[in-house]
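Notes follow the structure.
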Amino acid sequence: MLHSERVIGLVEDDLIMGESIVQRLALEGVTVKWWQSGRDAVREISENKFEAIVCDIRLPDLNGEDVFREAARSSNVPPFLFITGYGDIDQAVRLMRAGAADYFTKPFELDDFLIRIGELMGPGGSSGTHVLGLAPKIKELERLLTRVAKLNSTILISGETGSGKEVAARFLHAMSGSDDRPFMAVNCAAIPGDLLESELLGHEKGAFTGASQRHLGYAERTGEGVLFLDEIGELRSELQAKLLRLIEDKSFFRVGGERPVPFKGRLVVATNADLPKLVQAGRFREDLYYRINVVSVRIPPLRDRHEDIPWLMERFFAESAGRMETSLKGISSLAEEAALSYGWPGNIRELRNRMERAVALGLGQWVMPGDMFPEQSDDTASALQMGSLEHVRQSAEKRHILRALTATSGEVGAASKLLGIGRTTLWEKMRRLGLNGADLDVTL
């Protein structure tokens, strides 16, 4: 069942289909705002709060992609589900790579459609906007975070710098059903050590020189929300002891305070350090490590998530193009190949920065390798290796098949239709390219 008192938007110029969707959703208690033109939808989507947007790709004025990219300019874009004919499937897949939630091909079963709408609306909001990636490792991470979201256990998120630890923590918060409560993020490495205790736990008036009034710290302002401590390995030993008390006693003392303050929130911590090695070196308390390591989550580096690189490139391109005046139309296949050949030591943060630079300074119609990697000289291949044309073709074909399998939840029959080839041909290509059906969890 869908949830009552929820509003979704529908962009559909077909009167028969539009009326059937509106009437069916009304039976589920869902209010539908129906637009029959793309321009009307664009004008109102950013001004109102919708749980989801259902949008036909072919419209009488704008197309669905135009509507989506215009809506993506706002800070709280709802999840988009596209309705498409068979001939527009490639565009629908491209839109999913750019951040759309899903698509349905006409004709479709309304019951399946309603189930997907319910998933996008989520238990308490627009869950479809919170997607970490397309790679199998990341989808498994999403499933794990979703399972533990409603627990109150402390979560330890580890991963390299820029790999998306805070994004994962916010995903966890969104999936908890309590995302209307505060999310307080503290970078323990960014605040000077002598100020961190006061910022984290607060202080009383007169606690030290300059403390002219009581200050409520992050822990107190968290309320019943999430306190996210990034770079937890940078905490000084005395503050480690006070954090341990906060976890064990569910309370803390403000600096200069004499009465305990209850801590009602959930603690999520993150690190790019090897905490067991810090414990062995005596730089991190062993008892604190065991208390924060109730549920451990590791985010793989971007170089191990190749399926996510083109998807993230599209997302960051759309975000940057929405903020800047640019003549760029999109990302060239050469730029995508260059990105897939690069090691990404700075992970997602580096990819975002490089894409922003490319959009800001690119002079042509398409983002080119030189726009993203200006430091690469013509005669160096330290990060970008030139392969044979056959190798490039096979790599592109493999990635395209993986995207089709991801889009169809591993259903080979549906993926073969999406790719426009026979099931046997797809199996043969998978065998030749080393795509193991068991590893991919595909279904016949």
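Residue numbers start at 1 in each chain; chains themselves are named A, B, ... in the order of the structure tokens; ligands are numbered from 1 in the order shown.
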Alpha helix (DSSP H) call set, DSSP backbone run, range 5-252 of chain A, as a VMD selection string: chain A and resid 15 to 27 38 to 45 64 to 71 89 to 97 110 to 121 136 to 148 165 to 175 193 to 201 218 to 221 237 to 249
Within 9 Å of Gln91 in chain A using only C-alpha atoms, minus same-chain residues under 5 positions, as a VMD selection string: chain A and resid 57 65 84 96
What would the file look like if the residues just selected were written as a PDB file, in the first residue's frame with C-alpha atoms?
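Result went into again19.pdb, see below:
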```pdb
ATOM      1  CA  ILE A  57       9.918  11.115 -22.092  1.00  0.00           C
ATOM      2  CA  GLU A  65      15.170  14.819 -20.183  1.00  0.00           C
ATOM      3  CA  THR A  84       9.077   5.492 -22.191  1.00  0.00           C
ATOM      4  CA  MET A  96      19.249   6.728 -14.889  1.00  0.00           C
TER       5      MET A  96
END
```
Selected residue, from A:Ser332, A:Ser20, A:Gln394, A:Asn63, that lies nearest to Gly370 in chain A when counting only C-alpha atoms: A:Ser332
Which polymer residues have any atom within 12 Å of an atom of Leu195 in chain A, counting only C-alpha atoms, with same-chain residues fewer than 4 positions away left out, as an mmCIF file with C-alpha atoms, in the first residue's frame?
```cif
data_model
loop_
_atom_site.group_PDB
_atom_site.id
_atom_site.type_symbol
_atom_site.label_atom_id
_atom_site.label_comp_id
_atom_site.auth_asym_id
_atom_site.auth_seq_id
_atom_site.Cartn_x
_atom_site.Cartn_y
_atom_site.Cartn_z
ATOM 1 C CA CYS A 188 37.486 15.876 13.969
ATOM 2 C CA ALA A 189 40.584 16.688 11.885
ATOM 3 C CA ALA A 190 39.345 20.134 10.831
ATOM 4 C CA ILE A 191 38.775 21.611 14.311
ATOM 5 C CA GLU A 199 32.574 22.342 19.978
ATOM 6 C CA LEU A 200 31.576 18.719 20.481
ATOM 7 C CA LEU A 201 30.303 18.764 24.077
ATOM 8 C CA GLY A 202 29.650 22.472 24.649
ATOM 9 C CA HIS A 203 30.739 24.631 27.595
ATOM 10 C CA PHE A 208 37.448 29.404 30.342
ATOM 11 C CA ALA A 211 33.350 31.821 27.547
ATOM 12 C CA GLY A 217 27.860 21.552 21.473
ATOM 13 C CA LEU A 235 40.664 12.491 18.465
ATOM 14 C CA ARG A 236 43.085 13.262 21.291
ATOM 15 C CA LEU A 239 38.569 13.338 24.293
ATOM 16 C CA VAL A 255 33.246 21.872 29.642
#
```
Between range 17-118 of chain A and range 407-423 of chain A, at 9 Å or less, what are the per-residue closest atom pairs and their distances in Å? Count only C-alpha atoms, order by chain and rising residue number, and return it as JSON lines.
```
{"residue": "A:Tyr86", "atom": "CA", "partner": "A:Leu418", "partner_atom": "CA", "distance": 8.4}
{"residue": "A:Ile89", "atom": "CA", "partner": "A:Leu418", "partner_atom": "CA", "distance": 7.0}
{"residue": "A:Asp90", "atom": "CA", "partner": "A:Leu418", "partner_atom": "CA", "distance": 8.0}
{"residue": "A:Val93", "atom": "CA", "partner": "A:Ala407", "partner_atom": "CA", "distance": 7.5}
{"residue": "A:Met96", "atom": "CA", "partner": "A:Ala407", "partner_atom": "CA", "distance": 8.4}
{"residue": "A:Asp102", "atom": "CA", "partner": "A:Ala407", "partner_atom": "CA", "distance": 8.2}
```
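Non-sequential neighbours of His173 in chain A (distance at most 8 Å, separation of 3 or more positions within a chain, only C-alpha atoms) are Ala149, Ala169, Arg170, Ser176, Gly177, Ser178, Asp179, Phe183 and Val226 of chain A.
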Which of range 238-360 of chain A fall in strand (DSSP E), as a VMD selection string: chain A and resid 251 to 252 261 to 262 266 to 271 295 to 298 330 to 331
Dump as a Markdown table the rows for residues of range 31-74 of chain A within 8 Å of range 309-330 of chain A: closest atom pair and distance in Å with one decimal, only C-alpha atoms counted, ordered by chain and rising residue number.
```
| residue | atom | partner | partner_atom | distance |
| --- | --- | --- | --- | --- |
| A:Arg69 | CA | A:Ala318 | CA | 6.8 |
| A:Glu70 | CA | A:Gly322 | CA | 7.7 |
| A:Ala72 | CA | A:Glu319 | CA | 7.1 |
| A:Arg73 | CA | A:Gly322 | CA | 5.3 |
```
Please produce a file of the residues just selected, as a JSON list (two decimals), in the first residue's frame, where the atoms kept are C-alpha atoms.
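The resulting part_18.json:
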```json
[["chain", "number", "residue", "atom", "x", "y", "z"],
["A", 69, "ARG", "CA", 17.69, 18.53, -15.98],
["A", 70, "GLU", "CA", 15.72, 21.68, -15.15],
["A", 72, "ALA", "CA", 17.88, 18.95, -11.01],
["A", 73, "ARG", "CA", 18.87, 22.60, -10.61]]
```
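From CA of Asp304 in chain A back to CA of Ile348 in chain A, the distance works out to 11.8 Å.
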Test item: residues at most 7 Å from Val186 in chain A, only C-alpha atoms, excluding those fewer than 3 positions along its chain, as a ChimeraX atom specification: /A:228-230
Would you export the selected residues with C-alpha atoms as a compact mmCIF listing (two decimals), in the first residue's frame, please?
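Final output, saved to again23.txt:
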```txt
# COMPACT_ATOMS: atom_id res chain seq x y z
CA PHE A 228 28.43 12.01 12.65
CA LEU A 229 32.10 12.17 13.68
CA ASP A 230 34.41 12.05 10.66
```
Leu114 in chain A environment, 10 Å, only C-alpha atoms, sequence neighbours closer than 4 positions dropped, as a ChimeraX atom specification: /A:1-2,21,24-25,28,109-110,118-120
Best match for closeness to Val148 in chain A among A:Val268, A:Ala358, A:Ala241, A:Leu351, counting only C-alpha atoms: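 Smallest distance to Val148 in chain A is found for A:Val268.
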From A:Val295, A:Leu95, A:Leu246, A:Met184, residue lying nearest Ile155 in chain A [only C-alpha atoms]: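 Ranking A:Val295, A:Leu95, A:Leu246, A:Met184 by distance to Ile155 in chain A, first place goes to A:Val295.
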